[in-house]
$ cat data_23.tsv   # TSV, C-alpha atoms
chain	number	residue	atom	x	y	z
A	2	MET	CA	48.50	156.32	-118.56
A	3	GLY	CA	44.93	155.38	-119.44
A	4	GLU	CA	42.04	155.02	-117.04
A	5	ASN	CA	42.30	151.25	-117.14
A	6	ASP	CA	45.90	151.44	-115.98
A	7	GLN	CA	44.89	153.57	-113.03
A	8	GLY	CA	42.31	150.98	-112.01
A	9	ALA	CA	45.06	148.37	-111.83
A	10	THR	CA	47.32	150.43	-109.57
A	11	PRO	CA	47.86	148.41	-106.39
A	12	PRO	CA	47.19	150.15	-103.05
A	13	PRO	CA	50.31	151.33	-101.21
A	14	ILE	CA	49.57	149.18	-98.15
A	15	PRO	CA	47.78	146.05	-99.40
A	16	SER	CA	45.84	144.54	-96.49
A	17	GLN	CA	42.68	142.57	-95.88
A	18	THR	CA	43.53	141.79	-92.26
A	19	LEU	CA	42.97	143.62	-89.01
A	20	ASP	CA	45.82	142.32	-86.83
A	21	HIS	CA	44.76	143.95	-83.57
A	22	ILE	CA	43.13	146.83	-81.75
A	23	SER	CA	45.28	148.43	-79.10
A	24	ILE	CA	43.88	149.77	-75.83
A	25	ALA	CA	45.84	151.87	-73.31
A	26	VAL	CA	44.99	150.87	-69.73
A	27	PRO	CA	46.12	152.16	-66.34
A	28	ASP	CA	46.36	148.66	-64.78
A	29	LEU	CA	47.21	145.72	-67.06
A	30	GLU	CA	46.23	143.00	-64.59
A	31	ALA	CA	42.81	144.61	-63.96
A	32	ALA	CA	42.24	144.96	-67.70
A	33	ALA	CA	43.26	141.34	-68.38
A	34	GLU	CA	40.90	140.15	-65.65
A	35	PHE	CA	38.06	142.25	-67.12
A	36	TYR	CA	38.41	140.58	-70.55
A	37	ARG	CA	38.78	137.10	-69.02
A	38	ALA	CA	35.87	137.43	-66.60
A	39	THR	CA	33.46	139.33	-68.86
A	40	PHE	CA	33.92	137.57	-72.21
A	41	GLY	CA	35.72	134.34	-71.26
A	42	ALA	CA	38.66	135.51	-73.40
A	43	GLU	CA	42.16	134.05	-73.28
A	44	VAL	CA	44.74	136.67	-72.23
A	45	ASP	CA	48.49	136.09	-72.52
A	46	ASP	CA	50.93	136.78	-69.71
A	47	ALA	CA	52.30	140.33	-69.69
A	48	ILE	CA	55.45	141.22	-71.67
A	49	GLU	CA	57.73	144.05	-70.54
A	50	ILE	CA	58.78	146.41	-73.38
A	51	PRO	CA	61.09	148.92	-71.64
A	52	GLU	CA	62.23	150.55	-74.91
A	53	GLN	CA	58.61	151.66	-75.48
A	54	GLY	CA	58.02	152.55	-71.83
A	55	MET	CA	55.23	150.01	-71.48
A	56	ARG	CA	54.15	146.48	-70.68
A	57	MET	CA	51.53	144.66	-72.75
A	58	ALA	CA	49.40	141.53	-73.08
A	59	TYR	CA	47.33	140.20	-75.97
A	60	VAL	CA	43.67	139.24	-75.58
A	61	ARG	CA	43.31	136.41	-78.12
A	62	LEU	CA	39.95	136.28	-79.85
A	63	ALA	CA	39.07	133.83	-82.63
A	64	ASN	CA	39.52	136.39	-85.42
A	65	ALA	CA	41.78	139.16	-84.06
A	66	LYS	CA	43.76	140.29	-81.02
A	67	ILE	CA	43.28	143.11	-78.54
A	68	GLU	CA	46.60	144.56	-77.33
A	69	LEU	CA	46.41	145.88	-73.76
A	70	MET	CA	49.18	148.42	-73.04
A	71	GLN	CA	50.08	149.84	-69.64
A	72	PRO	CA	52.70	152.61	-69.45
A	73	THR	CA	55.78	152.10	-67.29
A	74	ASP	CA	57.10	155.57	-68.18
A	75	ASP	CA	54.91	158.69	-68.06
A	76	ALA	CA	56.96	160.25	-70.88
A	77	SER	CA	56.31	157.37	-73.31
A	78	PRO	CA	53.56	157.71	-75.95
A	79	VAL	CA	51.32	155.38	-73.95
A	80	GLY	CA	52.18	157.25	-70.75
A	81	LYS	CA	51.09	160.55	-72.29
A	82	PHE	CA	47.89	158.97	-73.58
A	83	ILE	CA	47.00	157.70	-70.09
A	84	GLN	CA	47.69	161.15	-68.63
A	85	ARG	CA	45.08	162.54	-71.06
A	86	ASN	CA	42.73	159.53	-70.55
A	87	PRO	CA	43.33	158.26	-66.99
A	88	ALA	CA	40.61	155.56	-67.20
A	89	GLY	CA	42.11	154.12	-70.42
A	90	GLY	CA	40.90	154.14	-74.01
A	91	ILE	CA	41.33	152.79	-77.52
A	92	HIS	CA	44.75	153.92	-78.79
A	93	HIS	CA	45.23	152.55	-82.32
A	94	LEU	CA	44.37	149.77	-84.73
A	95	CYS	CA	46.77	147.63	-86.75
A	96	PHE	CA	46.64	146.23	-90.28
A	97	ALA	CA	48.84	143.35	-91.42
A	98	THR	CA	50.58	143.60	-94.80
A	99	PRO	CA	52.90	141.19	-96.65
A	100	ASP	CA	55.92	143.54	-97.01
A	101	ALA	CA	56.25	146.39	-94.49
A	102	ASP	CA	59.32	147.96	-96.16
A	103	GLN	CA	57.59	148.13	-99.54
A	104	ALA	CA	54.36	149.40	-97.93
A	105	ALA	CA	56.20	152.22	-96.12
A	106	THR	CA	57.95	153.25	-99.34
A	107	ASP	CA	54.71	153.18	-101.34
A	108	ALA	CA	52.77	154.98	-98.57
A	109	GLY	CA	55.37	157.76	-98.59
A	110	ALA	CA	55.12	158.00	-102.38
A	111	ALA	CA	51.34	158.29	-102.01
A	112	GLY	CA	51.79	161.28	-99.68
A	113	LEU	CA	51.06	159.46	-96.40
A	114	ARG	CA	53.37	160.51	-93.58
A	115	ILE	CA	55.04	157.86	-91.40
A	116	VAL	CA	55.25	158.69	-87.68
A	117	GLY	CA	58.92	159.30	-86.85
A	118	GLY	CA	59.84	159.06	-90.54
A	119	GLY	CA	62.34	156.54	-91.85
A	120	ALA	CA	62.03	152.83	-92.45
A	121	PRO	CA	59.90	150.30	-90.53
A	122	LYS	CA	61.42	149.03	-87.30
A	123	PRO	CA	61.07	145.59	-85.72
A	124	GLY	CA	58.50	145.33	-82.91
A	125	HIS	CA	58.86	143.26	-79.74
A	126	HIS	CA	57.82	140.21	-81.81
A	127	GLY	CA	60.55	140.88	-84.40
A	128	ARG	CA	58.22	141.76	-87.30
A	129	LYS	CA	58.69	145.15	-88.99
A	130	LEU	CA	56.10	147.85	-88.36
A	131	PHE	CA	55.36	151.53	-88.81
A	132	PHE	CA	52.58	154.00	-87.96
A	133	LEU	CA	50.68	156.28	-90.33
A	134	HIS	CA	50.25	159.83	-89.06
A	135	PRO	CA	46.64	160.33	-87.86
A	136	LYS	CA	46.42	163.58	-89.86
A	137	ASP	CA	46.74	161.48	-93.03
A	138	ALA	CA	44.42	158.71	-91.76
A	139	ILE	CA	41.09	160.41	-90.89
A	140	GLY	CA	42.15	161.09	-87.30
A	141	THR	CA	43.04	157.49	-86.49
A	142	LEU	CA	46.47	156.21	-85.46
A	143	ILE	CA	47.02	153.20	-87.74
A	144	GLU	CA	49.86	150.75	-87.26
A	145	VAL	CA	51.00	148.61	-90.18
A	146	GLU	CA	52.76	145.39	-89.28
A	147	GLU	CA	54.39	142.78	-91.48
A	148	GLU	CA	52.37	139.56	-91.61
A	149	GLU	CA	53.65	136.58	-89.73
A	150	THR	CA	55.59	134.17	-91.98
A	151	PRO	CA	54.11	131.74	-92.70
A	152	PRO	CA	50.77	133.55	-92.33
A	153	ARG	CA	48.85	132.30	-89.33
A	154	ARG	CA	45.09	132.75	-89.09
A	155	ILE	CA	44.41	134.20	-85.68
B	28	MET	CA	29.79	126.29	-53.79
B	29	GLY	CA	33.26	124.77	-54.03
B	30	GLU	CA	36.24	126.24	-55.84
B	31	ASN	CA	35.78	123.86	-58.76
B	32	ASP	CA	32.24	125.11	-59.30
B	33	GLN	CA	33.48	128.71	-59.47
B	34	GLY	CA	35.88	127.73	-62.23
B	35	ALA	CA	32.95	126.50	-64.31
B	36	THR	CA	30.95	129.75	-64.04
B	37	PRO	CA	30.33	130.97	-67.61
B	38	PRO	CA	31.24	134.59	-68.42
B	39	PRO	CA	28.28	136.99	-68.57
B	40	ILE	CA	28.96	137.92	-72.21
B	41	PRO	CA	30.48	134.84	-73.87
B	42	SER	CA	32.39	135.97	-76.97
B	43	GLN	CA	35.43	134.97	-78.98
B	44	THR	CA	34.63	137.31	-81.87
B	45	LEU	CA	35.45	140.93	-82.55
B	46	ASP	CA	32.59	142.00	-84.84
B	47	HIS	CA	33.89	145.46	-85.71
B	48	ILE	CA	35.79	148.56	-84.71
B	49	SER	CA	33.86	151.79	-85.09
B	50	ILE	CA	35.47	155.05	-86.19
B	51	ALA	CA	33.78	158.45	-86.13
B	52	VAL	CA	34.67	160.52	-89.20
B	53	PRO	CA	33.77	164.04	-90.34
B	54	ASP	CA	33.31	163.00	-94.01
B	55	LEU	CA	32.16	159.47	-94.80
B	56	GLU	CA	33.04	159.55	-98.49
B	57	ALA	CA	36.58	160.82	-97.78
B	58	ALA	CA	37.04	158.11	-95.14
B	59	ALA	CA	35.71	155.37	-97.46
B	60	GLU	CA	38.09	156.55	-100.20
B	61	PHE	CA	41.03	156.52	-97.73
B	62	TYR	CA	40.41	152.86	-96.83
B	63	ARG	CA	39.85	151.86	-100.47
B	64	ALA	CA	42.86	153.72	-101.86
B	65	THR	CA	45.32	152.99	-99.04
B	66	PHE	CA	44.61	149.33	-98.25
B	67	GLY	CA	42.59	148.16	-101.26
B	68	ALA	CA	39.69	147.47	-98.89
B	69	GLU	CA	36.09	146.90	-99.97
B	70	VAL	CA	33.76	149.56	-98.53
B	71	ASP	CA	29.95	149.27	-98.66
B	72	ASP	CA	27.69	152.04	-99.85
B	73	ALA	CA	26.58	154.42	-97.09
B	74	ILE	CA	23.46	153.68	-95.01
B	75	GLU	CA	21.42	156.52	-93.47
B	76	ILE	CA	20.45	155.91	-89.81
B	77	PRO	CA	18.42	159.01	-88.90
B	78	GLU	CA	17.28	157.63	-85.51
B	79	GLN	CA	20.96	157.62	-84.44
B	80	GLY	CA	21.75	160.95	-86.11
B	81	MET	CA	24.35	159.40	-88.39
B	82	ARG	CA	25.18	157.67	-91.65
B	83	MET	CA	27.59	154.75	-91.82
B	84	ALA	CA	29.44	152.35	-94.09
B	85	TYR	CA	31.31	149.13	-93.35
B	86	VAL	CA	34.90	148.53	-94.46
B	87	ARG	CA	34.94	144.76	-95.03
B	88	LEU	CA	38.22	143.08	-94.15
B	89	ALA	CA	38.80	139.34	-94.30
B	90	ASN	CA	38.48	138.84	-90.54
B	91	ALA	CA	36.48	141.82	-89.19
B	92	LYS	CA	34.69	145.02	-90.19
B	93	ILE	CA	35.47	148.69	-89.61
B	94	GLU	CA	32.33	150.79	-89.15
B	95	LEU	CA	32.74	154.37	-90.42
B	96	MET	CA	30.20	156.75	-88.81
B	97	GLN	CA	29.51	160.33	-89.88
B	98	PRO	CA	27.13	162.42	-87.77
B	99	THR	CA	24.09	163.98	-89.43
B	100	ASP	CA	23.01	165.61	-86.15
B	101	ASP	CA	25.46	167.51	-83.90
B	102	ALA	CA	23.42	166.50	-80.83
B	103	SER	CA	23.76	162.75	-81.53
B	104	PRO	CA	26.42	160.73	-79.66
B	105	VAL	CA	28.57	160.60	-82.81
B	106	GLY	CA	27.97	164.32	-83.39
B	107	LYS	CA	29.24	165.14	-79.90
B	108	PHE	CA	32.27	162.89	-80.42
B	109	ILE	CA	33.18	164.72	-83.65
B	110	GLN	CA	32.80	168.07	-81.90
B	111	ARG	CA	35.44	166.90	-79.38
B	112	ASN	CA	37.54	165.21	-82.10
B	113	PRO	CA	36.99	167.17	-85.33
B	114	ALA	CA	39.48	165.11	-87.36
B	115	GLY	CA	37.77	161.84	-86.36
B	116	GLY	CA	38.84	158.99	-84.09
B	117	ILE	CA	38.18	155.47	-82.87
B	118	HIS	CA	34.81	155.47	-81.08
B	119	HIS	CA	34.10	151.93	-79.87
B	120	LEU	CA	34.67	148.24	-80.49
B	121	CYS	CA	32.05	145.50	-80.77
B	122	PHE	CA	31.95	141.89	-79.61
B	123	ALA	CA	29.50	139.34	-81.02
B	124	THR	CA	27.67	137.04	-78.59
B	125	PRO	CA	25.10	134.27	-79.20
B	126	ASP	CA	22.26	135.71	-77.06
B	127	ALA	CA	22.24	139.49	-76.46
B	128	ASP	CA	19.24	139.44	-74.07
B	129	GLN	CA	20.85	136.81	-71.84
B	130	ALA	CA	24.22	138.60	-72.02
B	131	ALA	CA	22.67	141.93	-70.94
B	132	THR	CA	20.90	140.24	-68.02
B	133	ASP	CA	24.05	138.41	-66.92
B	134	ALA	CA	26.21	141.53	-67.38
B	135	GLY	CA	23.84	143.47	-65.13
B	136	ALA	CA	23.95	140.70	-62.53
B	137	ALA	CA	27.76	140.87	-62.67
B	138	GLY	CA	27.62	144.59	-61.85
B	139	LEU	CA	28.32	145.91	-65.35
B	140	ARG	CA	26.21	148.93	-66.27
B	141	ILE	CA	24.43	149.06	-69.64
B	142	VAL	CA	24.40	152.46	-71.36
B	143	GLY	CA	20.83	153.76	-71.29
B	144	GLY	CA	19.76	150.84	-69.08
B	145	GLY	CA	17.03	148.44	-70.12
B	146	ALA	CA	17.02	145.59	-72.61
B	147	PRO	CA	19.03	145.29	-75.84
B	148	LYS	CA	17.55	147.09	-78.82
B	149	PRO	CA	17.68	146.11	-82.48
B	150	GLY	CA	20.32	147.89	-84.57
B	151	HIS	CA	19.93	149.04	-88.18
B	152	HIS	CA	20.66	145.44	-89.23
B	153	GLY	CA	17.91	144.06	-86.97
B	154	ARG	CA	20.18	142.23	-84.54
B	155	LYS	CA	19.92	143.10	-80.83
B	156	LEU	CA	22.71	145.11	-79.25
B	157	PHE	CA	23.71	147.03	-76.15
B	158	PHE	CA	26.70	149.06	-74.90
B	159	LEU	CA	28.68	148.53	-71.69
B	160	HIS	CA	29.42	151.71	-69.78
B	161	PRO	CA	33.10	152.70	-70.30
B	162	LYS	CA	33.50	153.19	-66.52
B	163	ASP	CA	32.90	149.45	-66.11
B	164	ALA	CA	35.06	148.50	-69.13
B	165	ILE	CA	38.53	150.00	-68.51
B	166	GLY	CA	37.65	153.27	-70.22
B	167	THR	CA	36.52	151.67	-73.48
B	168	LEU	CA	33.05	151.92	-75.01
B	169	ILE	CA	32.19	148.29	-75.86
B	170	GLU	CA	29.18	147.32	-77.95
B	171	VAL	CA	27.79	143.80	-77.67
B	172	GLU	CA	25.83	142.58	-80.66
B	173	GLU	CA	23.93	139.35	-81.21
B	174	GLU	CA	25.70	137.08	-83.67
B	175	GLU	CA	24.28	136.71	-87.12
B	176	THR	CA	22.13	133.57	-87.48
B	177	PRO	CA	23.42	131.38	-88.92
B	178	PRO	CA	26.87	132.58	-87.88
B	179	ARG	CA	28.78	133.95	-90.86
B	180	ARG	CA	32.57	134.18	-90.79
B	181	ILE	CA	33.43	137.71	-91.84

$ encode --input "data_23.tsv" --output "structure tokens"
Amino acid sequence: MGENDQGATPPPIPSQTLDHISIAVPDLEAAAEFYRATFGAEVDDAIEIPEQGMRMAYVRLANAKIELMQPTDDASPVGKFIQRNPAGGIHHLCFATPDADQAATDAGAAGLRIVGGGAPKPGHHGRKLFFLHPKDAIGTLIEVEEEETPPRRI
Amino acid sequence: MGENDQGATPPPIPSQTLDHISIAVPDLEAAAEFYRATFGAEVDDAIEIPEQGMRMAYVRLANAKIELMQPTDDASPVGKFIQRNPAGGIHHLCFATPDADQAATDAGAAGLRIVGGGAPKPGHHGRKLFFLHPKDAIGTLIEVEEEETPPRRI
């Protein structure tokens, strides 16, 4: 393969879109009120996600979302994070990509580990998603989520 | 003041825009290459910011930026963060607001502490900015930056 061919190789996880930043919080209602009162932001009603041991609400900004997550189970990933960071803190960021299955396959082929291994799984919204291991992503937990169909500018 | 008047009170830091997420990294060139190679993202050339003891580069997505920060001084805030998190990690997020001076005044009046106190200071790009204390922001370090004039959709 020549150098020009290498330049045309598509990235394993094509994305130009930050879908959301996710913040772990000890009290979802207090966090929602902080974002409403301080910035005038719109915050959705809370959604219970028992299979992930958490409840969450989106802060809807003009160009991206902030996902507020409160653990409902101390043994869940968010529960463990809050035990280490009782005041709360930024937990991960999320890129949107057109085809999550293809992206996971290509990421694996590129040597990037997927948290939990295996294929992408549907999130609470039904779209497929997976997480890159922070050790392969400069210390950052990065979620990759399939774009909404049809794409919606948020 | 009646209840209806309270409903009309503007938020201290009006914002609907996430300007960027900031990630501390141990090696800026390795981090830039990760975002280019993995997502096909455009990453700016590095900027040296000696007064903050760091160098940085923006990852430019269609709807927001990711700021990659590498310490050049172990005693700088980013240097201390990397000492606690040697692999790197998400450091803060940044909202854009129309008037940073007014926002800082109104945030103070609302009981929100500004890191370092005092008035907003110009960043490396010349726009005024300040940071809310994480203890007043649900554990998250939040930067507030004056919008670009004229506003530019990023």

$ residues_near_point --input "data_23.tsv" --point "(49.9, 143.5, -71.7)" --cutoff "7 Å" --atoms "all atoms listed in the file" --output "number ranges by chain"
A: 29, 47-48, 56-59, 68-71

$ closest_residue --input "data_23.tsv" --among "B:Thr132, B:Gln110, B:Thr99, B:Thr167" --to "chain A" --atoms "all atoms listed in the file"
B:Thr167

$ interface_residues --input "data_23.tsv" --of "chain A" --to "chain B" --cutoff "9 Å" --atoms "all atoms listed in the file" --output "PDB file with C-alpha atoms, in the frame of the given file"
ATOM      1  CA  PRO A  11      47.860 148.410-106.390  1.00  0.00           C
ATOM      2  CA  PRO A  12      47.190 150.150-103.050  1.00  0.00           C
ATOM      3  CA  PRO A  13      50.310 151.330-101.210  1.00  0.00           C
ATOM      4  CA  ILE A  14      49.570 149.180 -98.150  1.00  0.00           C
ATOM      5  CA  PRO A  15      47.780 146.050 -99.400  1.00  0.00           C
ATOM      6  CA  SER A  16      45.840 144.540 -96.490  1.00  0.00           C
ATOM      7  CA  GLN A  17      42.680 142.570 -95.880  1.00  0.00           C
ATOM      8  CA  THR A  18      43.530 141.790 -92.260  1.00  0.00           C
ATOM      9  CA  LEU A  19      42.970 143.620 -89.010  1.00  0.00           C
ATOM     10  CA  ASP A  20      45.820 142.320 -86.830  1.00  0.00           C
ATOM     11  CA  ILE A  22      43.130 146.830 -81.750  1.00  0.00           C
ATOM     12  CA  ILE A  24      43.880 149.770 -75.830  1.00  0.00           C
ATOM     13  CA  ALA A  25      45.840 151.870 -73.310  1.00  0.00           C
ATOM     14  CA  VAL A  26      44.990 150.870 -69.730  1.00  0.00           C
ATOM     15  CA  PRO A  27      46.120 152.160 -66.340  1.00  0.00           C
ATOM     16  CA  ASP A  28      46.360 148.660 -64.780  1.00  0.00           C
ATOM     17  CA  ALA A  31      42.810 144.610 -63.960  1.00  0.00           C
ATOM     18  CA  ALA A  32      42.240 144.960 -67.700  1.00  0.00           C
ATOM     19  CA  PHE A  35      38.060 142.250 -67.120  1.00  0.00           C
ATOM     20  CA  TYR A  36      38.410 140.580 -70.550  1.00  0.00           C
ATOM     21  CA  ARG A  37      38.780 137.100 -69.020  1.00  0.00           C
ATOM     22  CA  ALA A  38      35.870 137.430 -66.600  1.00  0.00           C
ATOM     23  CA  THR A  39      33.460 139.330 -68.860  1.00  0.00           C
ATOM     24  CA  PHE A  40      33.920 137.570 -72.210  1.00  0.00           C
ATOM     25  CA  GLY A  41      35.720 134.340 -71.260  1.00  0.00           C
ATOM     26  CA  ALA A  42      38.660 135.510 -73.400  1.00  0.00           C
ATOM     27  CA  GLU A  43      42.160 134.050 -73.280  1.00  0.00           C
ATOM     28  CA  ARG A  61      43.310 136.410 -78.120  1.00  0.00           C
ATOM     29  CA  LEU A  62      39.950 136.280 -79.850  1.00  0.00           C
ATOM     30  CA  ALA A  63      39.070 133.830 -82.630  1.00  0.00           C
ATOM     31  CA  ASN A  64      39.520 136.390 -85.420  1.00  0.00           C
ATOM     32  CA  ALA A  65      41.780 139.160 -84.060  1.00  0.00           C
ATOM     33  CA  LYS A  66      43.760 140.290 -81.020  1.00  0.00           C
ATOM     34  CA  ASN A  86      42.730 159.530 -70.550  1.00  0.00           C
ATOM     35  CA  PRO A  87      43.330 158.260 -66.990  1.00  0.00           C
ATOM     36  CA  ALA A  88      40.610 155.560 -67.200  1.00  0.00           C
ATOM     37  CA  GLY A  89      42.110 154.120 -70.420  1.00  0.00           C
ATOM     38  CA  GLY A  90      40.900 154.140 -74.010  1.00  0.00           C
ATOM     39  CA  ILE A  91      41.330 152.790 -77.520  1.00  0.00           C
ATOM     40  CA  HIS A  92      44.750 153.920 -78.790  1.00  0.00           C
ATOM     41  CA  HIS A  93      45.230 152.550 -82.320  1.00  0.00           C
ATOM     42  CA  LEU A  94      44.370 149.770 -84.730  1.00  0.00           C
ATOM     43  CA  PHE A  96      46.640 146.230 -90.280  1.00  0.00           C
ATOM     44  CA  THR A  98      50.580 143.600 -94.800  1.00  0.00           C
ATOM     45  CA  ALA A 108      52.770 154.980 -98.570  1.00  0.00           C
ATOM     46  CA  ALA A 111      51.340 158.290-102.010  1.00  0.00           C
ATOM     47  CA  PRO A 135      46.640 160.330 -87.860  1.00  0.00           C
ATOM     48  CA  LYS A 136      46.420 163.580 -89.860  1.00  0.00           C
ATOM     49  CA  ASP A 137      46.740 161.480 -93.030  1.00  0.00           C
ATOM     50  CA  ALA A 138      44.420 158.710 -91.760  1.00  0.00           C
ATOM     51  CA  ILE A 139      41.090 160.410 -90.890  1.00  0.00           C
ATOM     52  CA  GLY A 140      42.150 161.090 -87.300  1.00  0.00           C
ATOM     53  CA  THR A 141      43.040 157.490 -86.490  1.00  0.00           C
ATOM     54  CA  LEU A 142      46.470 156.210 -85.460  1.00  0.00           C
ATOM     55  CA  ILE A 155      44.410 134.200 -85.680  1.00  0.00           C
TER      56      ILE A 155
END

$ atom_distance --input "data_23.tsv" --atom1 "atom CA of Gln129 of chain B" --atom2 "atom CA of Glu34 of chain A"
21.2 Å

$ atom_distance --input "data_23.tsv" --atom1 "atom CA of Ala101 of chain A" --atom2 "atom CA of Phe131 of chain A"
7.7 Å

$ residues_around --input "data_23.tsv" --residues "Gln79 of chain B" --least-positions-apart "2" --cutoff "8 Å" --atoms "only C-alpha atoms" --output "PyMOL selection string"
chain B and resi 76-77+81+103-104

$ residues_near_point --input "data_23.tsv" --point "(50.7, 144.3, -89.1)" --cutoff "7 Å" --atoms "all atoms listed in the file" --output "JSON, numbers by chain"
{"A": [20, 95, 96, 97, 98, 130, 144, 145, 146, 147, 148]}

$ atom_distance --input "data_23.tsv" --atom1 "atom CA of Glu78 of chain B" --atom2 "atom CA of Pro98 of chain B"
11.2 Å

$ decode --input "data_23.tsv" --residues "segment 118-134 of chain A" --atoms "N, CA, C and O atoms" --output "tab-separated table (two decimals), in the first residue's frame"
chain	number	residue	atom	x	y	z
A	118	GLY	N	-15.88	-5.56	26.37
A	118	GLY	CA	-15.75	-6.37	25.15
A	118	GLY	C	-17.05	-6.47	24.40
A	118	GLY	O	-18.03	-5.80	24.72
A	119	GLY	N	-17.06	-7.30	23.35
A	119	GLY	CA	-18.29	-7.60	22.64
A	119	GLY	C	-18.83	-6.46	21.81
A	119	GLY	O	-18.17	-5.44	21.57
A	120	ALA	N	-20.05	-6.63	21.35
A	120	ALA	CA	-20.68	-5.71	20.41
A	120	ALA	C	-21.38	-4.57	21.16
A	120	ALA	O	-21.68	-4.69	22.34
A	121	PRO	N	-21.64	-3.46	20.47
A	121	PRO	CA	-22.39	-2.36	21.09
A	121	PRO	C	-23.76	-2.83	21.58
A	121	PRO	O	-24.37	-3.72	20.99
A	122	LYS	N	-24.20	-2.20	22.65
A	122	LYS	CA	-25.51	-2.54	23.23
A	122	LYS	C	-26.42	-1.32	23.18
A	122	LYS	O	-25.94	-0.19	23.21
A	123	PRO	N	-27.73	-1.54	23.09
A	123	PRO	CA	-28.63	-0.39	23.06
A	123	PRO	C	-28.68	0.32	24.42
A	123	PRO	O	-28.71	-0.33	25.47
A	124	GLY	N	-28.66	1.66	24.39
A	124	GLY	CA	-28.81	2.45	25.61
A	124	GLY	C	-30.28	2.62	25.96
A	124	GLY	O	-31.17	2.07	25.30
A	125	HIS	N	-30.55	3.43	26.97
A	125	HIS	CA	-31.94	3.63	27.42
A	125	HIS	C	-32.78	4.26	26.32
A	125	HIS	O	-34.00	4.11	26.30
A	126	HIS	N	-32.12	4.94	25.36
A	126	HIS	CA	-32.83	5.60	24.25
A	126	HIS	C	-32.96	4.67	23.05
A	126	HIS	O	-33.53	5.05	22.04
A	127	GLY	N	-32.38	3.45	23.15
A	127	GLY	CA	-32.52	2.48	22.07
A	127	GLY	C	-31.39	2.50	21.06
A	127	GLY	O	-31.26	1.57	20.26
A	128	ARG	N	-30.55	3.54	21.06
A	128	ARG	CA	-29.45	3.60	20.10
A	128	ARG	C	-28.25	2.81	20.64
A	128	ARG	O	-27.99	2.81	21.83
A	129	LYS	N	-27.51	2.16	19.74
A	129	LYS	CA	-26.37	1.34	20.14
A	129	LYS	C	-25.21	2.20	20.62
A	129	LYS	O	-24.97	3.29	20.08
A	130	LEU	N	-24.47	1.70	21.59
A	130	LEU	CA	-23.34	2.45	22.15
A	130	LEU	C	-22.29	1.50	22.71
A	130	LEU	O	-22.57	0.33	23.02
A	131	PHE	N	-21.09	2.02	22.83
A	131	PHE	CA	-20.01	1.31	23.52
A	131	PHE	C	-19.05	2.34	24.11
A	131	PHE	O	-19.15	3.53	23.81
A	132	PHE	N	-18.15	1.85	24.98
A	132	PHE	CA	-17.17	2.73	25.62
A	132	PHE	C	-15.76	2.26	25.26
A	132	PHE	O	-15.47	1.07	25.33
A	133	LEU	N	-14.90	3.22	24.90
A	133	LEU	CA	-13.48	2.93	24.73
A	133	LEU	C	-12.81	2.87	26.10
A	133	LEU	O	-13.13	3.68	26.99
A	134	HIS	N	-11.86	1.96	26.26
A	134	HIS	CA	-11.14	1.87	27.53
A	134	HIS	C	-10.27	3.13	27.70
A	134	HIS	O	-9.54	3.51	26.78
